[in-house]
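As provided, my_file31.cif (mmCIF, C-alpha atoms and all ligand atoms) reads as follows.
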data_input
#
loop_
_atom_site.label_atom_id
_atom_site.label_comp_id
_atom_site.auth_asym_id
_atom_site.auth_seq_id
_atom_site.Cartn_x
_atom_site.Cartn_y
_atom_site.Cartn_z
CA MET A 10 20.93 51.21 40.85
CA GLU A 11 17.24 51.76 41.42
CA LYS A 12 14.56 49.11 41.85
CA GLU A 13 11.45 49.77 39.82
CA THR A 14 9.14 46.86 40.66
CA THR A 15 9.89 43.35 41.89
CA ASN A 16 10.43 42.02 38.37
CA LYS A 17 12.17 45.07 36.95
CA ILE A 18 15.55 46.47 37.81
CA ARG A 19 17.49 49.42 36.40
CA LEU A 20 21.29 49.49 36.37
CA ALA A 21 22.74 52.97 36.12
CA SER A 22 26.37 52.94 37.28
CA TRP A 23 29.19 52.49 34.76
CA LEU A 24 30.49 49.30 36.38
CA GLN A 25 27.08 47.66 36.65
CA VAL A 26 26.11 48.46 33.08
CA ARG A 27 29.46 47.26 31.73
CA GLU A 28 29.26 44.02 33.69
CA ALA A 29 25.68 43.43 32.55
CA PHE A 30 26.60 44.02 28.90
CA ARG A 31 29.44 41.53 29.22
CA SER A 32 27.51 38.81 31.02
CA LYS A 33 26.78 35.77 28.86
CA GLU A 34 23.90 34.83 31.15
CA LEU A 35 21.95 37.96 30.32
CA ARG A 36 19.89 37.56 27.21
CA GLN A 37 18.82 40.34 24.87
CA ALA A 38 15.23 41.34 25.74
CA GLY A 39 12.70 43.86 24.59
CA TYR A 40 12.26 42.76 20.96
CA ALA A 41 9.52 40.13 21.39
CA GLU A 42 6.84 42.79 20.86
CA GLY A 43 8.64 43.96 17.73
CA ALA A 44 9.18 40.43 16.37
CA VAL A 45 7.51 41.42 13.10
CA VAL A 46 10.78 43.11 12.09
CA MET A 47 13.24 41.91 14.76
CA ALA A 48 12.74 38.13 15.09
CA ASP A 49 15.98 36.18 14.47
CA THR A 50 17.99 39.29 13.66
CA LEU A 51 21.57 39.50 14.92
CA LEU A 52 20.58 41.77 17.82
CA ASP A 53 17.88 39.35 18.92
CA LEU A 54 19.94 36.13 18.77
CA HIS A 55 21.73 34.63 21.75
CA GLY A 56 24.56 32.16 22.41
CA LYS A 57 25.81 29.94 19.59
CA ALA A 58 23.32 31.22 16.98
CA HIS A 59 24.45 34.80 17.70
CA ARG A 60 28.13 33.87 17.64
CA GLU A 61 27.90 32.15 14.26
CA ARG A 62 25.93 34.95 12.58
CA ARG A 63 28.14 37.60 14.10
CA ARG A 64 31.31 35.82 12.94
CA LEU A 65 29.97 35.80 9.39
CA GLU A 66 28.87 39.44 9.37
CA ASN A 67 32.03 40.59 11.13
CA ARG A 68 33.95 39.71 7.95
CA LEU A 69 32.50 42.88 6.46
CA PHE A 70 33.23 45.14 9.39
CA ARG A 71 37.01 45.06 8.97
CA ARG A 72 39.38 47.99 8.62
CA GLU A 73 40.28 47.29 4.96
CA ILE A 74 36.60 47.38 4.13
CA PHE A 75 36.04 50.57 6.15
CA SER A 76 38.86 52.09 4.21
CA TYR A 77 37.15 51.06 0.93
CA TRP A 78 33.87 52.57 2.12
CA GLU A 79 35.56 55.72 3.36
CA HIS A 80 37.43 56.26 0.08
CA GLU A 81 35.02 54.89 -2.52
CA ILE A 82 31.60 55.60 -1.09
CA LEU A 83 31.52 58.08 1.74
CA GLY A 84 33.06 61.07 -0.08
CA ARG A 85 30.79 60.69 -3.09
CA THR A 86 27.67 60.29 -0.96
CA ILE A 87 28.52 63.33 1.14
CA ASP A 88 29.34 65.43 -1.94
CA ILE A 89 26.12 64.50 -3.72
CA THR A 90 24.06 65.10 -0.59
CA LEU A 91 25.67 68.37 0.46
CA SER A 92 26.18 70.08 -2.92
CA PRO A 93 22.56 71.21 -3.56
CA PHE A 94 22.39 72.71 -0.06
CA ILE A 95 25.73 74.48 -0.39
CA GLU A 96 24.71 75.88 -3.78
CA ASN A 97 21.49 77.14 -2.21
CA GLY A 98 23.39 78.68 0.69
CA ARG A 99 21.18 76.98 3.25
CA GLY A 100 19.92 73.60 4.45
CA ASP A 101 18.66 71.66 7.44
CA LEU A 102 20.96 69.46 9.50
CA SER A 103 18.34 66.81 10.08
CA ILE A 104 17.60 66.45 6.35
CA ILE A 105 21.28 66.49 5.37
CA GLY A 106 22.04 63.96 8.11
CA TYR A 107 19.36 61.47 7.28
CA ARG A 108 19.95 61.64 3.51
CA CYS A 109 23.64 60.90 3.98
CA ALA A 110 23.12 58.27 6.68
CA MET A 111 20.33 56.51 4.78
CA ASN A 112 22.35 56.19 1.61
CA LEU A 113 25.45 55.01 3.40
CA THR A 114 23.58 52.46 5.45
CA ALA A 115 21.76 51.20 2.36
CA THR A 116 25.13 50.64 0.67
CA ILE A 117 26.44 48.70 3.65
CA ALA A 118 23.28 46.65 3.96
CA GLY A 119 23.30 45.87 0.22
CA ILE A 120 20.37 47.92 -1.05
CA ASP A 121 20.97 49.74 -4.33
CA GLN A 122 20.04 53.35 -3.79
CA ASP A 123 21.47 56.24 -5.77
CA PRO A 124 22.25 59.15 -3.40
CA ALA A 125 21.38 61.56 -6.23
CA GLU A 126 17.77 60.31 -6.06
CA ALA A 127 16.58 62.47 -3.16
CA LYS A 128 12.92 61.45 -3.55
CA GLN A 129 13.75 57.73 -3.37
CA THR A 130 15.96 58.38 -0.35
CA GLU A 131 13.03 60.07 1.35
CA ILE A 132 10.73 57.13 0.58
CA LEU A 133 13.30 54.67 1.92
CA TYR A 134 13.78 56.77 5.04
CA GLY A 135 10.02 56.81 5.66
CA ILE A 136 9.98 53.00 5.38
CA VAL A 137 12.95 52.60 7.71
CA LYS A 138 11.37 54.93 10.29
CA LYS A 139 8.43 52.55 10.35
CA PHE A 140 10.82 49.61 10.91
CA SER A 141 12.22 51.47 13.93
CA GLU A 142 8.75 52.02 15.28
CA GLY A 143 8.23 48.27 14.96
CA ALA A 144 11.54 47.41 16.65
CA THR A 145 10.77 49.64 19.65
CA LEU A 146 7.16 48.51 19.94
CA LEU A 147 7.67 47.59 23.59
CA HIS A 148 7.85 51.29 24.45
CA SER A 149 5.06 52.41 22.13
CA THR A 150 1.95 54.08 23.54
CA ARG A 151 0.05 53.38 20.30
CA ASP A 152 -2.18 50.38 19.57
CA LYS A 153 0.45 47.68 18.99
CA ASP A 154 -1.47 45.66 16.42
CA GLU A 155 -2.09 48.78 14.42
CA VAL A 156 1.65 49.54 14.42
CA ARG A 157 2.39 45.92 13.40
CA GLU A 158 0.06 46.24 10.41
CA GLU A 159 1.81 49.46 9.35
CA VAL A 160 5.21 47.81 9.74
CA LYS A 161 4.11 44.85 7.60
CA GLU A 162 2.89 47.24 4.96
CA ALA A 163 6.22 49.10 5.00
CA MET A 164 8.07 45.78 4.74
CA GLY A 165 5.93 44.87 1.70
CA GLN A 166 6.72 48.17 0.00
CA PHE A 167 10.40 47.81 0.85
CA ALA A 168 10.50 44.23 -0.50
CA ARG A 169 8.90 45.24 -3.79
CA ASP A 170 10.63 48.53 -4.50
CA PHE A 171 14.07 48.10 -2.95
CA TYR A 172 14.93 44.67 -1.56
CA LEU A 173 13.98 42.26 -4.34
CA PRO A 174 15.74 44.13 -7.17
CA SER A 175 18.89 44.40 -5.01
CA ARG A 176 18.74 40.76 -3.93
CA ASN A 177 18.21 39.47 -7.48
CA ALA A 178 21.12 41.53 -8.80
CA ARG A 179 23.40 40.18 -6.06
CA GLN A 180 22.27 36.59 -6.50
CA LEU A 181 23.12 36.82 -10.19
CA ILE A 182 26.64 38.02 -9.42
CA ILE A 183 27.10 35.26 -6.82
CA ASP A 184 25.89 32.61 -9.30
CA GLU A 185 28.33 33.90 -11.90
CA ILE A 186 31.21 33.90 -9.41
CA GLU A 187 30.37 30.36 -8.34
CA SER A 188 30.20 29.14 -11.94
CA GLY A 189 33.57 30.75 -12.69
CA ALA A 190 32.10 33.31 -15.13
CA ARG A 191 33.19 36.16 -12.86
CA ASP A 192 36.12 36.89 -10.58
CA GLU A 193 35.88 36.63 -6.81
CA GLU A 194 36.85 40.30 -6.72
CA ASP A 195 33.43 41.18 -8.12
CA MET A 196 31.77 39.94 -4.93
CA PRO A 197 29.87 42.94 -3.53
CA LYS A 198 31.02 44.07 -0.08
CA ASP A 199 27.71 44.30 1.72
CA VAL A 200 25.65 42.44 4.31
CA LEU A 201 23.02 41.12 1.90
CA SER A 202 25.60 39.56 -0.44
CA THR A 203 27.46 38.03 2.50
CA LEU A 204 24.29 36.43 3.82
CA LEU A 205 23.17 35.15 0.40
CA ARG A 206 26.57 33.62 -0.29
CA ASN A 207 26.69 31.82 3.07
CA ARG A 208 23.03 31.05 3.57
CA ASP A 209 23.37 27.24 3.46
CA GLN A 210 26.13 27.21 6.04
CA LEU A 211 23.92 29.04 8.59
CA SER A 212 20.53 27.72 7.34
CA LEU A 213 19.29 31.23 6.64
CA SER A 214 15.78 31.32 5.20
CA ASP A 215 14.58 34.03 2.79
CA GLU A 216 12.55 35.58 5.62
CA ILE A 217 15.52 35.75 7.98
CA ILE A 218 17.76 37.36 5.38
CA PHE A 219 15.03 39.87 4.55
CA ARG A 220 14.46 40.82 8.22
CA GLU A 221 18.19 41.08 8.85
CA ILE A 222 18.44 43.67 6.07
CA CYS A 223 15.40 45.58 7.41
CA PHE A 224 17.08 45.55 10.83
CA TYR A 225 20.45 46.75 9.48
CA LEU A 226 18.83 49.69 7.77
CA GLN A 227 17.21 50.90 10.94
CA ALA A 228 20.19 50.05 13.18
CA GLY A 229 22.52 52.14 11.02
CA ALA A 230 20.50 55.02 9.60
CA HIS A 231 18.88 56.70 12.61
CA SER A 232 21.80 56.41 14.97
CA THR A 233 24.19 57.84 12.37
CA ALA A 234 21.87 60.73 11.50
CA ASN A 235 21.22 61.42 15.17
CA ALA A 236 24.91 61.41 16.07
CA PHE A 237 25.66 63.76 13.16
CA THR A 238 23.12 66.39 14.27
CA HIS A 239 24.30 66.27 17.88
CA THR A 240 27.95 66.47 16.87
CA VAL A 241 27.41 69.60 14.78
CA ASP A 242 25.07 71.20 17.34
CA ASP A 243 27.54 70.67 20.18
CA ILE A 244 30.48 72.01 18.15
CA LEU A 245 28.51 75.13 17.19
CA ILE A 246 27.48 75.76 20.81
CA TRP A 247 31.04 75.12 22.05
CA GLY A 248 32.23 77.49 19.31
CA ASP A 249 30.19 80.35 20.82
CA GLU A 250 32.52 80.25 23.83
CA HIS A 251 35.61 78.91 22.04
CA PRO A 252 35.61 80.48 18.54
CA GLU A 253 39.18 79.31 17.95
CA ASP A 254 38.04 75.67 18.31
CA LEU A 255 35.20 76.18 15.85
CA GLU A 256 37.65 77.58 13.31
CA LEU A 257 40.00 74.68 13.98
CA ALA A 258 37.18 72.15 13.61
CA ARG A 259 36.45 73.54 10.14
CA GLN A 260 39.93 72.32 9.13
CA ASP A 261 40.89 69.58 11.53
CA LEU A 262 39.03 66.30 11.21
CA SER A 263 40.66 64.81 14.31
CA LEU A 264 39.17 67.58 16.48
CA VAL A 265 35.74 66.88 15.00
CA GLN A 266 36.18 63.21 15.85
CA ARG A 267 37.06 64.10 19.45
CA CYS A 268 33.93 66.28 19.59
CA MET A 269 31.82 63.49 18.08
CA HIS A 270 32.88 61.06 20.81
CA GLU A 271 31.92 63.56 23.52
CA SER A 272 28.53 64.27 21.89
CA LEU A 273 27.86 60.56 21.59
CA ARG A 274 28.64 60.05 25.28
CA LEU A 275 26.05 62.63 26.27
CA ASN A 276 23.47 61.63 23.64
CA PRO A 277 23.48 57.86 23.14
CA ALA A 278 21.22 56.98 20.19
CA SER A 279 19.70 54.16 22.29
CA PRO A 280 19.16 55.52 25.81
CA VAL A 281 18.69 52.04 27.27
CA ALA A 282 19.41 48.39 26.49
CA LEU A 283 17.23 45.62 27.88
CA ARG A 284 18.30 42.20 29.06
CA THR A 285 16.85 39.30 30.99
CA PRO A 286 18.88 36.86 33.15
CA LEU A 287 18.70 33.21 32.06
CA GLN A 288 19.50 32.25 35.66
CA ASP A 289 20.00 34.15 38.94
CA ILE A 290 23.11 36.33 38.63
CA SER A 291 25.02 38.28 41.22
CA LEU A 292 26.98 41.31 40.00
CA SER A 293 30.39 42.07 41.56
CA ASP A 294 28.83 44.70 43.85
CA GLY A 295 26.36 42.10 45.16
CA THR A 296 23.33 43.25 43.13
CA LEU A 297 21.15 40.23 42.49
CA LEU A 298 19.54 39.89 39.07
CA LYS A 299 16.93 37.21 39.35
CA GLU A 300 16.13 34.86 36.49
CA GLY A 301 13.41 36.28 34.25
CA THR A 302 13.65 39.87 35.57
CA GLU A 303 13.57 42.75 33.11
CA VAL A 304 16.94 44.44 33.46
CA THR A 305 17.29 47.96 32.05
CA LEU A 306 20.83 49.13 31.31
CA ASP A 307 20.66 52.91 31.56
CA LEU A 308 23.26 54.19 29.07
CA ILE A 309 22.53 57.86 29.74
CA GLN A 310 23.30 57.51 33.46
CA ALA A 311 26.27 55.17 32.97
CA ASN A 312 27.78 57.64 30.50
CA ARG A 313 27.53 60.39 33.14
CA ASP A 314 28.91 58.33 36.02
CA GLN A 315 31.03 60.84 37.96
CA ASP A 316 33.40 58.12 39.18
CA ILE A 317 34.48 57.60 35.56
CA PHE A 318 33.88 60.90 33.77
CA GLY A 319 34.57 63.31 36.64
CA ALA A 320 32.52 65.76 38.70
CA LYS A 321 31.48 67.69 35.59
CA SER A 322 30.35 64.58 33.72
CA GLU A 323 27.09 66.28 32.65
CA GLU A 324 28.95 68.98 30.75
CA TYR A 325 30.16 68.87 27.17
CA ASP A 326 33.95 69.05 27.08
CA PRO A 327 35.77 67.51 24.10
CA TYR A 328 39.09 67.81 25.97
CA ARG A 329 37.83 65.79 28.94
CA GLU A 330 40.42 63.54 30.62
CA ILE A 331 39.22 59.94 30.51
CA PRO A 332 40.73 57.07 32.52
CA ASP A 333 42.68 54.47 30.53
CA GLY A 334 40.58 51.70 29.06
CA ILE A 335 37.35 53.73 29.01
CA PRO A 336 35.96 54.68 25.60
CA ARG A 337 35.38 58.41 25.16
CA TRP A 338 31.86 57.69 23.88
CA GLY A 339 31.02 55.75 27.04
CA MET A 340 28.62 52.86 26.47
CA SER A 341 26.92 54.44 23.49
CA PHE A 342 28.02 51.61 21.19
CA GLY A 343 27.12 48.97 23.79
CA ALA A 344 29.70 46.40 24.95
CA GLY A 345 30.14 42.64 25.15
CA THR A 346 28.77 40.20 22.58
CA HIS A 347 26.20 42.57 21.08
CA ALA A 348 28.56 45.58 20.91
CA CYS A 349 27.76 47.61 17.82
CA VAL A 350 29.31 46.21 14.61
CA GLY A 351 29.22 49.72 13.13
CA ALA A 352 31.18 51.37 15.98
CA GLU A 353 34.47 51.81 14.13
CA LEU A 354 32.74 52.64 10.90
CA ASP A 355 30.78 55.47 12.52
CA GLY A 356 33.09 56.52 15.38
CA GLY A 357 36.50 55.63 13.92
CA LEU A 358 39.30 54.33 16.09
CA GLU A 359 39.77 55.49 19.65
CA ILE A 360 41.88 58.64 19.76
CA ASP A 361 45.48 57.65 20.40
CA PRO A 362 48.20 60.31 20.03
CA ASP A 363 50.74 57.53 19.39
CA ARG A 364 48.93 56.12 16.34
CA PRO A 365 50.56 57.18 13.02
CA SER A 366 48.21 59.46 11.06
CA SER A 367 48.32 57.02 8.11
CA GLU A 368 46.50 54.49 10.30
CA ALA A 369 43.92 56.90 11.69
CA LEU A 370 40.26 56.16 11.10
CA PHE A 371 37.98 59.09 11.86
CA GLY A 372 34.58 57.51 11.28
CA THR A 373 31.62 58.37 9.12
CA VAL A 374 29.93 60.78 11.52
CA ALA A 375 33.02 62.95 12.04
CA ILE A 376 33.67 62.99 8.29
CA MET A 377 30.08 64.08 7.62
CA ALA A 378 30.24 66.78 10.32
CA HIS A 379 33.63 67.98 9.13
CA ALA A 380 32.38 68.23 5.53
CA LEU A 381 29.52 70.43 6.70
CA LEU A 382 31.75 72.65 8.83
CA SER A 383 34.47 72.99 6.23
CA ALA A 384 31.78 74.14 3.76
CA GLY A 385 31.16 76.98 6.22
CA GLY A 386 28.04 75.50 7.86
CA ARG A 387 26.71 77.71 10.69
CA ARG A 388 23.42 78.24 12.53
CA ASP A 389 20.84 80.39 10.78
CA PRO A 390 20.40 83.33 13.20
CA ASP A 391 16.87 84.00 11.90
CA ASN A 392 15.67 80.40 12.12
CA LEU A 393 16.62 78.72 15.36
CA PRO A 394 16.72 74.92 15.75
CA GLN A 395 13.42 73.41 16.87
CA LEU A 396 13.19 70.53 19.35
CA ASP A 397 10.71 67.74 18.71
CA PRO A 398 7.86 68.45 21.19
CA ASN A 399 6.91 64.74 21.21
CA SER A 400 10.27 63.60 22.53
CA GLU A 401 11.50 63.76 26.10
CA ARG A 402 15.06 63.71 24.81
CA LYS A 403 16.94 66.36 22.88
CA HIS A 404 15.70 65.51 19.39
CA PHE A 405 15.69 68.20 16.74
CA SER A 406 12.73 68.37 14.40
CA SER A 407 14.53 71.03 12.38
CA TYR A 408 17.98 72.59 12.47
CA PRO A 409 18.40 75.29 9.80
CA VAL A 410 21.98 76.06 8.76
CA LEU A 411 23.55 78.55 6.37
CA PHE A 412 26.67 78.04 4.25
C1 LIG B 1 26.46 56.49 16.09
C2 LIG B 1 25.98 55.41 15.53
C3 LIG B 1 25.56 54.15 16.23
C4 LIG B 1 25.23 53.93 17.53
C5 LIG B 1 25.20 54.94 18.67
C6 LIG B 1 24.93 52.51 17.67
C7 LIG B 1 24.58 51.89 18.86
C8 LIG B 1 24.45 50.52 19.03
C9 LIG B 1 24.24 49.86 20.30
C10 LIG B 1 24.12 50.54 21.66
C11 LIG B 1 24.17 48.53 20.06
C12 LIG B 1 24.01 47.42 21.11
C13 LIG B 1 22.57 47.21 21.51
C14 LIG B 1 22.42 46.17 22.60
O1 LIG B 1 23.41 45.62 23.09
O2 LIG B 1 21.27 45.88 22.98
C15 LIG B 1 24.32 48.34 18.63
C16 LIG B 1 24.29 47.12 18.00
C17 LIG B 1 24.33 46.99 16.64
N1 LIG B 1 24.57 47.98 15.71
FE1 LIG B 1 24.91 49.93 16.08
N2 LIG B 1 25.05 51.91 16.45
C18 LIG B 1 25.45 52.87 15.54
C19 LIG B 1 25.71 52.68 14.17
C20 LIG B 1 25.56 51.49 13.53
C21 LIG B 1 25.80 51.29 12.12
C22 LIG B 1 26.28 52.35 11.14
C23 LIG B 1 25.49 49.98 11.85
C24 LIG B 1 25.55 49.22 10.56
C25 LIG B 1 25.68 49.69 9.39
C26 LIG B 1 25.09 49.36 13.11
C27 LIG B 1 24.72 48.05 13.25
C28 LIG B 1 24.52 47.42 14.45
C29 LIG B 1 24.26 46.00 14.57
C30 LIG B 1 24.13 45.00 13.43
C31 LIG B 1 24.14 45.72 15.94
C32 LIG B 1 23.86 44.37 16.59
C33 LIG B 1 25.15 43.70 17.02
C34 LIG B 1 24.92 42.38 17.70
O3 LIG B 1 23.81 42.11 18.18
O4 LIG B 1 25.86 41.56 17.72
N3 LIG B 1 25.14 50.30 14.09
N4 LIG B 1 24.50 49.57 18.02
#
In structure tokens, what does this structure look like?
Amino acid sequence: MEKETTNKIRLASWLQVREAFRSKELRQAGYAEGAVVMADTLLDLHGKAHRERRRLENRLFRREIFSYWEHEILGRTIDITLSPFIENGRGDLSIIGYRCAMNLTATIAGIDQDPAEAKQTEILYGIVKKFSEGATLLHSTRDKDEVREEVKEAMGQFARDFYLPSRNARQLIIDEIESGARDEEDMPKDVLSTLLRNRDQLSLSDEIIFREICFYLQAGAHSTANAFTHTVDDILIWGDEHPEDLELARQDLSLVQRCMHESLRLNPASPVALRTPLQDISLSDGTLLKEGTEVTLDLIQANRDQDIFGAKSEEYDPYREIPDGIPRWGMSFGAGTHACVGAELDGGLEIDPDRPSSEALFGTVAIMAHALLSAGGRRDPDNLPQLDPNSERKHFSSYPVLF
């Protein structure tokens, strides 16, 4: 743990970060600046209001529904996205990743978006990128009001071209179900429909439902696309030294899932989480978190804590031994009340050799990465991956692959 200034504190050890995530007296912080898109969203709520919204939305994030998504939606989206690249013999991981992730996240959120419409997917992705810029406004070096104006404009475009048609279609179905003209089975399995159907119970205004959907799109799309690129990159690099594993990964989805968990540990999509104590709190190791302080939970450091992940915690090793009770992906999906609702959907179930294969859930990211590898995806030796020069972290601006 390192003190930054008197009213800021950074927690970096595994135990401190885990305890902070689990503490009910630490409130989510860091989204006030980005209220234009984040106000009253699930991630920003606290206490009873958070519990009630989470309980409602959790109904969607159940294994039966993951299984429906995995079988009915994921395969088709991946096929449609990958096919043109495979036919062409080449593609770019970042484009493949975001197209797939954007379409999948839109389906989960409840936005009608045909994966075959690549141009529309690109427009939606551009909009959602702007939402992310709004959500992370606290860290922005740009003029904040200027960013807010751009975010509002993106929200207007999204409302007109994507949200309203999807909402109206869902409302019609709900009205027909409620009047008995349709069966309950026709109820769409997505966040927007769930919120519309239960809006009175939780007093959800039109604005809140709209922002929640904007938030879902950005919570799901970037992290999924980012995890996909890192998973494939790490497997390809590992494969240079362990060609037999690369060949195995092209066939064996469970190995790809293991690799995905290790990549996610080393490259958490959100490098930090921010919290503020509602009262003075003392952690088990005696660290005092004073009321009103800005507490930074450093996920990168916690995920490399040598006491948990061993002396070589900085290295990529999909066969790493992990102590019981510790997730292989570290804290990358968060923990405690705000733990990611999409964790099982994207990461699958924790690897357990005793679980029957019929009950295995591999997760969206591993399935996407496996589809790419089993189609023969490999680095393009004449066009090496390029890192984004504007990012301090390992972000690829392009990653050419051949099939
Ligand atoms: C590899 C992919 C993903 C990563 C690494 C990730 C990471 C995270 C993290 C770290 C948090 C907690 C933030 C905090 O406590 O401050 C979180 C929360 C959340 N994530 Fe994810 N996420 C991923 C995919 C998804 C997907 C696919 C969805 C939905 C489709 C999603 C929806 C959410 C939501 C709604 C929350 C807020 C939960 C709450 O406040 O109760 N995430 N995610």
Selected residue of minimal separation from ligand LIG 1 (chain B) among A:Glu323, A:Glu250, A:Glu66, A:Asp152, counting only C-alpha atoms and all ligand atoms: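 Among the listed residues, A:Glu66 lies closest to ligand LIG 1 (chain B).
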Which residues, written as a VMD selection string, have at least one atom at most 10 Å from Gln25 (chain A), with all atoms listed in the file counted and residues fewer than 3 positions away on the same chain left out? chain A and resid 10 19 to 22 28 to 31 292 to 294 296 306 to 307 311
Go ahead and write the residues just picked, C-alpha atoms, as a short mmCIF file (atom, residue, chain, number, x, y, z; two decimals), in the frame of the given file.
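And here is the file that came out, out23.cif:
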data_model
loop_
_atom_site.label_atom_id
_atom_site.label_comp_id
_atom_site.auth_asym_id
_atom_site.auth_seq_id
_atom_site.Cartn_x
_atom_site.Cartn_y
_atom_site.Cartn_z
CA MET A 10 20.93 51.21 40.85
CA ARG A 19 17.49 49.42 36.40
CA LEU A 20 21.29 49.49 36.37
CA ALA A 21 22.74 52.97 36.12
CA SER A 22 26.37 52.94 37.28
CA GLU A 28 29.26 44.02 33.69
CA ALA A 29 25.68 43.43 32.55
CA PHE A 30 26.60 44.02 28.90
CA ARG A 31 29.44 41.53 29.22
CA LEU A 292 26.98 41.31 40.00
CA SER A 293 30.39 42.07 41.56
CA ASP A 294 28.83 44.70 43.85
CA THR A 296 23.33 43.25 43.13
CA LEU A 306 20.83 49.13 31.31
CA ASP A 307 20.66 52.91 31.56
CA ALA A 311 26.27 55.17 32.97
#
From the options A:Ser92, A:Thr130, A:Gln210, A:Ser400, which residue's atoms come nearest to Ala58 (chain A), counting only C-alpha atoms?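 For Ala58 (chain A), the nearest of the candidates is A:Gln210.
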Centre, edges in Å (one decimal): axis-aligned box, ligand LIG 1 (chain B), 6 Å padding on all six sides, as AutoDock Vina command-line options:
--center_x 23.9 --center_y 49.0 --center_z 16.2 --size_x 17.2 --size_y 26.9 --size_z 25.7
Give the answer as one residue: which of A:Gly357, A:Pro327, A:Gly351, A:Pro174 has the shortest atom-to-atom distance to Leu69 (chain A), using only C-alpha atoms?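 Answer, going by the shortest atom-to-atom distance: A:Gly351.
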In terms of the shortest atom-to-atom distance over only C-alpha atoms, which of A:Thr305, A:Asn235, A:Ser141, A:Ser291 is closest to Ala38 (chain A)? A:Thr305
Taking all atoms listed in the file into account, which residues have an atom no farther than 6 Å from ligand LIG 1 (chain B)? I'd like them as a list in words. Leu51, Leu52, Arg63, Thr114, Ile117, Tyr225, Ala228, Gly229, Ser232, Thr233, Ala236, Pro277, Ala278, Ser279, Ala282, Ser341, Phe342, Gly343, Thr346, His347, Ala348, Cys349, Val350, Gly351, Ala352 and Asp355 of chain A
Skip Arg62 (chain A) itself and residues of its chain fewer than 5 positions away, then list as a ChimeraX atom specification all residues within 9 Å of it, counting all atoms listed in the file. /A:51,54,57,67,211
Quick one: residues within 7 Å of Leu91 (chain A), all atoms listed in the file, excluding same-chain residues fewer than 4 positions away - as a list in words? Ile87, Ile95 and Ile105 of chain A
For region 200-203 of chain A, please output as a list in words all residues within 7 Å (counting all atoms listed in the file; exclusion window: fewer than 4 positions along the same chain).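 Neighbouring residues, sequence-local ones excluded: Glu66, Ile117, Ala118, Gly119, Arg179, Asn207 and Ile222 of chain A.
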Could you give me, as a tab-separated table, a per-residue list for region 264-331 of chain A showing, wherever an atom lies at most 10 Å from an atom of region 379-391 of chain A, the closest pair of atoms and their distance in Å to one decimal, using all atoms listed in the file and sorting by chain then residue number from low to high?
residue	atom	partner	partner_atom	distance
A:Leu264	CA	A:His379	CA	9.2
A:Val265	CA	A:His379	CA	6.3
A:Gln266	CA	A:His379	CA	8.6
Restricting the calculation to only C-alpha atoms, which member of A:Leu205, A:Met111, A:Leu24, A:Met47 is positioned closest to Arg220 (chain A)?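 The answer is A:Met47, which sits nearest to Arg220 (chain A).
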For Glu131 (chain A), which residue out of A:Asn112, A:Trp78, A:Ser367, A:Asp361 is the nearest one, using only C-alpha atoms?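 Of all the options, A:Asn112 lies closest to Glu131 (chain A).
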Region 267-280 of chain A dumped to file, C-alpha atoms, as a compact mmCIF listing (two decimals), in the first residue's frame:
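Full text of out_11.txt as output:
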# COMPACT_ATOMS: atom_id res chain seq x y z
CA ARG A 267 -7.29 -21.62 -19.06
CA CYS A 268 -5.16 -19.28 -21.20
CA MET A 269 -7.90 -16.63 -21.17
CA HIS A 270 -7.99 -16.61 -17.37
CA GLU A 271 -4.22 -16.11 -17.21
CA SER A 272 -4.32 -13.30 -19.80
CA LEU A 273 -7.11 -11.60 -17.92
CA ARG A 274 -5.12 -11.76 -14.68
CA LEU A 275 -2.21 -9.94 -16.29
CA ASN A 276 -4.34 -7.52 -18.32
CA PRO A 277 -7.41 -6.47 -16.35
CA ALA A 278 -9.72 -4.41 -18.60
CA SER A 279 -10.14 -1.89 -15.75
CA PRO A 280 -6.71 -1.37 -14.17
